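S.K.: Dropping in data18.pdb, which is PDB, C-alpha atoms:
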```pdb
ATOM      1  CA  MET A   1      41.945 198.613  14.534
ATOM      2  CA  ASP A   2      45.206 197.180  13.133
ATOM      3  CA  GLY A   3      45.576 193.647  11.750
ATOM      4  CA  GLN A   4      46.958 192.122  14.924
ATOM      5  CA  GLN A   5      44.129 193.453  17.095
ATOM      6  CA  TYR A   6      41.619 192.095  14.586
ATOM      7  CA  LEU A   7      43.199 188.649  14.700
ATOM      8  CA  ASP A   8      43.271 188.650  18.523
ATOM      9  CA  GLN A   9      39.595 189.565  18.635
ATOM     10  CA  ILE A  10      38.676 186.701  16.295
ATOM     11  CA  SER A  11      40.815 184.249  18.338
ATOM     12  CA  ASN A  12      39.130 185.193  21.605
ATOM     13  CA  ALA A  13      35.692 184.920  20.091
ATOM     14  CA  ASN A  14      36.328 181.418  18.745
ATOM     15  CA  ALA A  15      38.094 180.039  21.873
ATOM     16  CA  PRO A  16      35.980 177.532  23.892
ATOM     17  CA  LYS A  17      34.544 179.027  26.994
ATOM     18  CA  LYS A  18      35.723 177.515  30.304
ATOM     19  CA  ALA A  19      33.068 175.442  31.921
ATOM     20  CA  LYS A  20      31.964 176.604  35.283
ATOM     21  CA  PRO A  21      32.877 174.116  38.022
ATOM     22  CA  ALA A  22      29.978 171.838  38.804
ATOM     23  CA  ASN A  23      28.422 172.315  42.176
ATOM     24  CA  LYS A  24      29.037 168.755  43.254
ATOM     25  CA  ARG A  25      28.362 167.713  46.815
ATOM     26  CA  GLY A  26      30.909 165.244  48.236
ATOM     27  CA  ILE A  27      29.946 161.966  49.843
ATOM     28  CA  LEU A  28      30.596 163.445  53.257
ATOM     29  CA  HIS A  29      27.809 165.974  52.590
ATOM     30  CA  ASN A  30      25.318 163.310  51.539
ATOM     31  CA  LYS A  31      22.581 163.169  54.185
ATOM     32  CA  PHE A  32      22.037 159.431  53.716
ATOM     33  CA  PHE A  33      25.722 158.750  54.241
ATOM     34  CA  ILE A  34      25.787 160.892  57.373
ATOM     35  CA  VAL A  35      22.709 159.186  58.814
ATOM     36  CA  GLY A  36      24.215 155.784  58.044
ATOM     37  CA  MET A  37      27.508 156.632  59.743
ATOM     38  CA  ILE A  38      25.679 157.889  62.821
ATOM     39  CA  GLY A  39      23.705 154.635  62.947
ATOM     40  CA  VAL A  40      26.868 152.532  62.685
ATOM     41  CA  GLY A  41      28.532 154.605  65.383
ATOM     42  CA  LEU A  42      25.589 154.181  67.749
ATOM     43  CA  LEU A  43      25.525 150.422  67.107
ATOM     44  CA  LEU A  44      29.231 150.110  67.893
ATOM     45  CA  LEU A  45      28.743 152.165  71.047
ATOM     46  CA  ILE A  46      25.934 149.870  72.194
ATOM     47  CA  VAL A  47      28.051 146.761  71.520
ATOM     48  CA  ILE A  48      31.029 148.182  73.411
ATOM     49  CA  LEU A  49      28.925 149.260  76.383
ATOM     50  CA  GLY A  50      27.227 145.878  76.450
ATOM     51  CA  ALA A  51      30.580 144.128  76.499
ATOM     52  CA  ILE A  52      31.833 146.355  79.309
ATOM     53  CA  LEU A  53      28.704 146.033  81.434
ATOM     54  CA  GLY A  54      27.939 142.375  80.796
ATOM     55  CA  GLY A  55      31.342 140.885  80.080
ATOM     56  CA  GLY A  56      32.393 140.561  83.702
ATOM     57  CA  LYS A  57      29.684 138.205  84.898
ATOM     58  CA  ASP A  58      29.502 136.217  81.674
ATOM     59  CA  GLY A  59      33.277 135.864  81.633
ATOM     60  CA  GLU A  60      33.428 134.616  85.192
ATOM     61  CA  LYS A  61      30.501 132.265  84.673
ATOM     62  CA  SER A  62      31.919 130.827  81.460
ATOM     63  CA  LEU A  63      35.428 130.382  82.858
ATOM     64  CA  SER A  64      34.085 128.803  86.041
ATOM     65  CA  SER A  65      31.950 126.369  84.067
ATOM     66  CA  LYS A  66      34.851 125.518  81.766
ATOM     67  CA  LEU A  67      37.132 124.828  84.737
ATOM     68  CA  TYR A  68      34.457 122.791  86.501
ATOM     69  CA  LEU A  69      33.970 120.575  83.461
ATOM     70  CA  HIS A  70      37.719 120.123  83.044
ATOM     71  CA  LEU A  71      38.120 119.114  86.685
ATOM     72  CA  ASP A  72      35.216 116.713  86.427
ATOM     73  CA  GLY A  73      36.543 115.063  83.268
ATOM     74  CA  THR A  74      40.080 114.664  84.602
ATOM     75  CA  ALA A  75      38.821 113.262  87.891
ATOM     76  CA  ALA A  76      36.701 110.720  85.991
ATOM     77  CA  ALA A  77      39.744 109.596  83.985
ATOM     78  CA  ILE A  78      41.770 109.198  87.188
ATOM     79  CA  GLN A  79      39.038 107.179  88.803
ATOM     80  CA  GLU A  80      38.838 104.897  85.769
ATOM     81  CA  TYR A  81      42.564 104.131  85.428
ATOM     82  CA  GLN A  82      44.116 104.767  88.831
ATOM     83  CA  ASN A  83      43.757 101.165  89.994
ATOM     84  CA  TYR A  84      45.656  99.898  86.960
ATOM     85  CA  VAL A  85      48.751 101.945  87.844
ATOM     86  CA  ARG A  86      51.539  99.695  89.140
ATOM     87  CA  SER A  87      53.626 102.211  91.077
ATOM     88  CA  SER A  88      52.390 102.639  94.654
ATOM     89  CA  ASP A  89      53.879 106.152  94.780
ATOM     90  CA  LEU A  90      52.112 107.116  91.586
ATOM     91  CA  ARG A  91      48.827 105.705  92.871
ATOM     92  CA  SER A  92      49.238 107.724  96.066
ATOM     93  CA  SER A  93      49.887 110.920  94.093
ATOM     94  CA  SER A  94      46.935 110.097  91.868
ATOM     95  CA  ALA A  95      44.644 109.706  94.878
ATOM     96  CA  SER A  96      45.807 113.089  96.187
ATOM     97  CA  LEU A  97      45.194 114.709  92.808
ATOM     98  CA  TYR A  98      41.732 113.184  92.624
ATOM     99  CA  GLY A  99      40.931 114.660  96.039
ATOM    100  CA  VAL A 100      42.101 118.137  95.002
ATOM    101  CA  LEU A 101      40.107 118.057  91.772
ATOM    102  CA  THR A 102      36.883 116.906  93.411
ATOM    103  CA  ASP A 103      37.224 119.416  96.274
ATOM    104  CA  THR A 104      37.767 122.276  93.838
ATOM    105  CA  SER A 105      34.923 121.053  91.648
ATOM    106  CA  SER A 106      32.618 121.005  94.664
ATOM    107  CA  GLY A 107      33.627 124.548  95.614
ATOM    108  CA  LEU A 108      33.014 125.802  92.079
ATOM    109  CA  GLU A 109      29.637 124.094  91.884
ATOM    110  CA  LYS A 110      28.539 125.652  95.154
ATOM    111  CA  TYR A 111      29.677 129.106  94.058
ATOM    112  CA  LEU A 112      27.988 128.898  90.651
ATOM    113  CA  THR A 113      24.777 127.568  92.171
ATOM    114  CA  GLU A 114      24.578 130.355  94.742
ATOM    115  CA  LYS A 115      25.582 133.222  92.455
ATOM    116  CA  TYR A 116      23.961 132.219  89.168
ATOM    117  CA  ASP A 117      21.230 129.893  90.439
ATOM    118  CA  ILE A 118      22.531 127.046  88.298
ATOM    119  CA  LYS A 119      21.007 123.687  89.117
ATOM    120  CA  LYS A 120      23.405 121.635  86.996
ATOM    121  CA  VAL A 121      26.739 123.193  86.098
ATOM    122  CA  LYS A 122      27.296 120.595  83.386
ATOM    123  CA  ASP A 123      24.261 121.885  81.492
ATOM    124  CA  THR A 124      25.166 125.591  81.519
ATOM    125  CA  ASP A 125      26.797 125.685  78.090
ATOM    126  CA  LYS A 126      26.402 122.924  75.518
ATOM    127  CA  LYS A 127      29.490 123.963  73.554
ATOM    128  CA  LEU A 128      31.654 123.919  76.669
ATOM    129  CA  GLN A 129      30.197 120.572  77.597
ATOM    130  CA  GLU A 130      30.926 119.121  74.164
ATOM    131  CA  LYS A 131      34.532 120.331  74.262
ATOM    132  CA  ALA A 132      35.021 118.971  77.777
ATOM    133  CA  THR A 133      33.569 115.602  76.792
ATOM    134  CA  ALA A 134      35.845 115.428  73.745
ATOM    135  CA  ALA A 135      38.904 116.288  75.876
ATOM    136  CA  LYS A 136      37.966 113.671  78.461
ATOM    137  CA  ASP A 137      37.446 111.028  75.780
ATOM    138  CA  GLU A 138      40.833 111.855  74.263
ATOM    139  CA  LEU A 139      42.514 111.531  77.664
ATOM    140  CA  THR A 140      40.881 108.208  78.509
ATOM    141  CA  GLY A 141      41.610 106.961  74.988
ATOM    142  CA  GLU A 142      45.320 107.645  75.418
ATOM    143  CA  LEU A 143      45.333 105.985  78.830
ATOM    144  CA  PHE A 144      43.561 102.955  77.388
ATOM    145  CA  GLU A 145      46.157 102.624  74.627
ATOM    146  CA  ALA A 146      48.928 102.955  77.197
ATOM    147  CA  LYS A 147      47.331 100.278  79.375
ATOM    148  CA  ILE A 148      47.076  97.663  76.640
ATOM    149  CA  ASN A 149      50.635  98.470  75.510
ATOM    150  CA  GLY A 150      52.071  98.095  79.006
ATOM    151  CA  ILE A 151      53.169 101.723  79.414
ATOM    152  CA  LEU A 152      50.366 103.043  81.567
ATOM    153  CA  ASP A 153      52.472 104.320  84.464
ATOM    154  CA  ARG A 154      54.713 106.618  82.447
ATOM    155  CA  THR A 155      51.813 107.781  80.255
ATOM    156  CA  PHE A 156      49.565 108.347  83.256
ATOM    157  CA  ALA A 157      52.245 110.433  84.996
ATOM    158  CA  HIS A 158      52.917 112.470  81.857
ATOM    159  CA  LYS A 159      49.241 113.120  81.170
ATOM    160  CA  MET A 160      48.475 114.123  84.762
ATOM    161  CA  ALA A 161      51.393 116.568  84.791
ATOM    162  CA  TYR A 162      50.014 118.075  81.600
ATOM    163  CA  GLU A 163      46.458 118.264  82.970
ATOM    164  CA  ILE A 164      47.716 119.970  86.125
ATOM    165  CA  SER A 165      49.544 122.626  84.090
ATOM    166  CA  ILE A 166      46.417 123.352  82.018
ATOM    167  CA  ILE A 167      44.132 123.442  85.057
ATOM    168  CA  LYS A 168      46.489 125.837  86.847
ATOM    169  CA  ALA A 169      46.437 128.146  83.817
ATOM    170  CA  GLU A 170      42.624 128.079  83.774
ATOM    171  CA  GLU A 171      42.527 128.816  87.501
ATOM    172  CA  SER A 172      44.871 131.778  87.079
ATOM    173  CA  GLU A 173      42.721 133.189  84.280
ATOM    174  CA  LEU A 174      39.580 132.850  86.388
ATOM    175  CA  TYR A 175      41.311 134.303  89.449
ATOM    176  CA  ASN A 176      42.240 137.435  87.495
ATOM    177  CA  LYS A 177      38.694 137.721  86.160
ATOM    178  CA  THR A 178      36.675 137.420  89.355
ATOM    179  CA  ASN A 179      36.170 139.904  92.177
ATOM    180  CA  SER A 180      34.770 137.271  94.522
ATOM    181  CA  GLU A 181      36.931 136.554  97.556
ATOM    182  CA  VAL A 182      35.072 133.288  98.073
ATOM    183  CA  LEU A 183      35.976 132.063  94.607
ATOM    184  CA  LYS A 184      39.539 133.311  94.936
ATOM    185  CA  GLU A 185      39.942 131.314  98.129
ATOM    186  CA  VAL A 186      38.793 128.135  96.344
ATOM    187  CA  LEU A 187      41.199 128.782  93.487
ATOM    188  CA  ASN A 188      44.128 129.638  95.746
ATOM    189  CA  LYS A 189      43.769 126.440  97.736
ATOM    190  CA  SER A 190      43.571 124.350  94.588
ATOM    191  CA  HIS A 191      46.471 126.131  92.904
ATOM    192  CA  GLU A 192      48.793 125.552  95.846
ATOM    193  CA  SER A 193      47.897 121.868  96.077
ATOM    194  CA  LEU A 194      48.340 121.340  92.346
ATOM    195  CA  THR A 195      51.726 123.057  92.428
ATOM    196  CA  ASN A 196      52.896 120.632  95.115
ATOM    197  CA  LEU A 197      51.644 117.632  93.135
ATOM    198  CA  TYR A 198      52.979 118.668  89.748
ATOM    199  CA  ASP A 199      56.595 117.612  90.371
ATOM    200  CA  LYS A 200      55.526 114.192  91.607
ATOM    201  CA  PHE A 201      54.003 113.450  88.227
ATOM    202  CA  ASN A 202      56.438 115.393  86.080
ATOM    203  CA  ASP A 203      59.518 113.814  87.694
ATOM    204  CA  PHE A 204      58.104 110.310  87.792
ATOM    205  CA  SER A 205      60.426 107.595  86.539
ATOM    206  CA  GLU A 206      59.682 103.889  86.449
ATOM    207  CA  THR A 207      63.323 103.140  87.234
ATOM    208  CA  LYS A 208      62.924 104.779  90.648
ATOM    209  CA  ASN A 209      59.975 102.602  91.602
TER     210      ASN A 209
END
```
Turn the structure described in the file into structure tokens.
M.R.:
Amino acid sequence: MDGQQYLDQISNANAPKKAKPANKRGILHNKFFIVGMIGVGLLLLIVILGAILGGGKDGEKSLSSKLYLHLDGTAAAIQEYQNYVRSSDLRSSSASLYGVLTDTSSGLEKYLTEKYDIKKVKDTDKKLQEKATAAKDELTGELFEAKINGILDRTFAHKMAYEISIIKAEESELYNKTNSEVLKEVLNKSHESLTNLYDKFNDFSETKN
């Protein structure tokens, strides 16, 4: 054995041996992780199926109740301040609007009572009721301020035009949600009447009266 071979042999003997790769199991192979992911997947599936199967009725019921409460609150505000309006044309339009709102409200109440066996629509959802009460109080508060400041007519016309636009949007949302022809007929009739009344409030001018 020559000198170089001897040196190579010593070098190889003293070199650190390469560690064998550890037999690590990734997180995806962990049985607890896999079981957990399966559980999460099943839970999500149940939630999605529940939303698909139960969302239709709950959505229609909630939207109908919300609309009913809005109609009821707006009608109450009209009834409270209509007689203080000076313009005879505006009072006439207000009376027509009140009739449309109460007719639609009655139709909704009948539908909800028959389909969902609700005795009092106002008591179906406390959160909806609280929001509707707050909206009604805000509306009557603004009308009160307008009355004492001598600008009730213009404020009343502006607020009713706004309420009509919101109610029409709520009716359209409910119409697209429901499959009931009875309910659609109630909404269609209301929507057409509100469309005809909107311009009378929106275009109101005290200088023309």
S.K.: Could you list, as a count of residues only, every residue within 9 Å of A:Asp153, counting only C-alpha atoms and ignoring same-chain residues fewer than 3 positions away?
M.R.: 14
S.K.: Within 8 Å of (31.8, 122.7, 86.1) (coordinates as in the file), grab all the protein and nucleic acid residues, counting only C-alpha atoms, and write them out as a list of chain:residue names.
M.R.: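 Residues found, by chain and rising number: A:Ser64, A:Ser65, A:Lys66, A:Leu67, A:Tyr68, A:Leu69, A:His70, A:Leu71, A:Asp72, A:Ser105, A:Leu108, A:Glu109, A:Val121, A:Lys122.
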S.K.: Selected by the PyMOL selection byres ((chain A and resi 130-143) around 9) in the shown coordinates: which residues, as a VMD selection string?
M.R.: chain A and resid 66 69 to 70 72 to 74 76 to 78 80 to 81 125 to 129 144 to 148 151 to 152 155 to 156 159
S.K.: Rank nothing, just name the residue among A:Ile118, A:Leu63, A:Leu183, A:Ile38 nearest to A:Ala169, using all atoms listed in the file.
M.R.: A:Leu63
S.K.: Do you know which residues the PyMOL selection byres ((chain A and resi 173-180) around 9) returns on this file, as a ChimeraX atom specification?
M.R.: /A:56-57,59-60,63-64,67,168-172,181-185,187-188
S.K.: Can I get the selection written as an mmCIF file, keeping the file's coordinate frame, with C-alpha atoms?
M.R.:
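Once everything was written out, this is selection.cif:
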```cif
data_model
loop_
_atom_site.group_PDB
_atom_site.id
_atom_site.type_symbol
_atom_site.label_atom_id
_atom_site.label_comp_id
_atom_site.auth_asym_id
_atom_site.auth_seq_id
_atom_site.Cartn_x
_atom_site.Cartn_y
_atom_site.Cartn_z
ATOM 1 C CA GLY A 56 32.393 140.561 83.702
ATOM 2 C CA LYS A 57 29.684 138.205 84.898
ATOM 3 C CA GLY A 59 33.277 135.864 81.633
ATOM 4 C CA GLU A 60 33.428 134.616 85.192
ATOM 5 C CA LEU A 63 35.428 130.382 82.858
ATOM 6 C CA SER A 64 34.085 128.803 86.041
ATOM 7 C CA LEU A 67 37.132 124.828 84.737
ATOM 8 C CA LYS A 168 46.489 125.837 86.847
ATOM 9 C CA ALA A 169 46.437 128.146 83.817
ATOM 10 C CA GLU A 170 42.624 128.079 83.774
ATOM 11 C CA GLU A 171 42.527 128.816 87.501
ATOM 12 C CA SER A 172 44.871 131.778 87.079
ATOM 13 C CA GLU A 181 36.931 136.554 97.556
ATOM 14 C CA VAL A 182 35.072 133.288 98.073
ATOM 15 C CA LEU A 183 35.976 132.063 94.607
ATOM 16 C CA LYS A 184 39.539 133.311 94.936
ATOM 17 C CA GLU A 185 39.942 131.314 98.129
ATOM 18 C CA LEU A 187 41.199 128.782 93.487
ATOM 19 C CA ASN A 188 44.128 129.638 95.746
#
```
S.K.: How many Å separate atom CA of A:Lys61 from atom CA of A:Leu197?
M.R.: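 Result for atom CA of A:Lys61 versus atom CA of A:Leu197: 27.1 Å, one decimal.
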S.K.: Please measure the separation of atom CA of A:Ser88 and atom CA of A:Lys189, giving the value in Å to one decimal.
M.R.: 25.5 Å
S.K.: Any idea what the distance is between atom CA of A:Asn202 and atom CA of A:Tyr162?
M.R.: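 Separation of atom CA of A:Asn202 and atom CA of A:Tyr162: 8.3 Å.
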S.K.: List as an NGL selection string the protein and nucleic acid residues near A:Ser96, meaning an atom at most 12 Å away when all atoms listed in the file are counted, but skip any in the same chain fewer than 5 places from it.
M.R.: :A and (75 or 78-79 or 82 or 89-91 or 101-103 or 160 or 190 or 193-194 or 196-198 or 200-201)
